[in-house]
Every structure is written in structure tokens, then in C-alpha cells.
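Here the structure is laid out as C-alpha cells; the discussion comes afterwards.
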Amino acid sequence: MSIVKNLFISLGLAIAISFAFSFSPGCKVSYGFREKTSIPDSVKTVNIHIIENHARYQNTQLSPRLTERLRLKITNLTHLTQTTSDNANWDVSGQITDYSVSTSGVSDKQASINRLTISVTMLLDRKNPELQDNPVTVTHSFDFSANLTLQQAEAQLMDEIVRQLTDEIYNNLFQRW
């Protein structure tokens, strides 16, 4: 009986403490994402080119999936309208420059964890002669069990790869100025 009584006392104390902190004026925790952009109102259109694959090893799914996800993110989170016209206010282009696997963990003298590293170089051309549009390179690594083949790891990781790279590309292109 005392165990149940102690459990209820502990639970009640935890609820009371969390309740007290939730109304404390000096304690505030906020979470946010850098999704807002400060694109000038005069910029209306963007041409998002296919991200080309120039890596030695080429995953044939990555380029089209990354391009499509980036297009969706830009059109959903900005006021820009996507176009294929050469007269777009801004051009977004890029290429996959690295897609490589290395061993990142060893156990009992054998590889236990492999690391897939992907680099993508992107350019946001704002078509303004006064502005220097510098390319940005995003590199992200994804660990996977050495028991998996690269194709098995790609199948498991593809959604995460596309999501992570798209988020990093978007933030680097649209949040850096």
C-alpha cells in the first residue's frame, strides 16, 4: 500500500511543479524554425532548375526527388511563383558534388557503421548586378549499419536524406541575407 501511496504523492508533486513553472513569468521556453524569409515584394517568380548529379557514384533517385522537394518547399513557404521562364526574377540551380561511403565505426576489427556523405552546391542568382551571389555548399552525413548494402541503406534513408538536404539548402539560400 505504501508503494501506491508514494507513487501518487510523487505524481502529484510532479504535476504541481510543472503547473507552477508553466505560469512562472521569468521562465519561458520557445521553439521555432527558420522558415520565414525576407524576400522583397518586388520579387515574384523563381526558376528552380533540376539539381544535376555530378558525383562519382550516382543515386538516380536523389536528383529528381531533391529537386521536387525543394520546389515544393520554396513555393509553399514563400510568396514566389515557380516558372521555367528565363525571365524569372530569381534562378536556383545546383549540383550534387559528392556521394560517398566511408567506414565510421569499427567493432571487433570489422566495420560496424558506415557513413554516407552527400554534398550539394547551390546558387541563388538574384539577377542583380550589384549583388554578389555566392554558391553555398551543404554537406550532410548519414550513418547506417555496415551489415546493410549501400542499396539497402539508401532505401531506408532516402526520405530522411531528401528532407535533411532540402531543409539545409532552403535555409542556406533564403535565410543567409
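Residue numbering restarts at 1 for every chain of the C-alpha cells, chains are lettered A, B, ... in their displayed order, and ligands are numbered from 1 as they appear.
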
List the spatial neighbours of segment 139-145 of chain A as JSON, numbers by chain - criterion: any atom at most 10 Å away, only C-alpha atoms, same-chain residues fewer than 2 positions off excluded. {"A": [96, 97, 98, 99, 100, 101, 102, 103, 104, 105, 111, 112, 113, 114, 115, 116, 117, 118, 119, 120, 121, 136, 137, 147, 148, 149, 150, 152, 153, 154, 156, 157, 160, 161, 164, 165, 168, 169]}

Can you tell me which residues surround segment 47-49 of chain A at a distance of at most 10 Å, considering only C-alpha atoms, apart from same-chain residues fewer than 6 positions away, and format the answer as a list in words? Thr67, Glu68, Leu70, Arg71, Ile74, Leu80, Thr81, Gln82, Thr83, Thr84, Ser85, Asp86, Asn87, Ala88, Asn89, Trp90, Asp91, Val92, Ser93, Gly94, Gln95, Leu124 and Asp125 of chain A
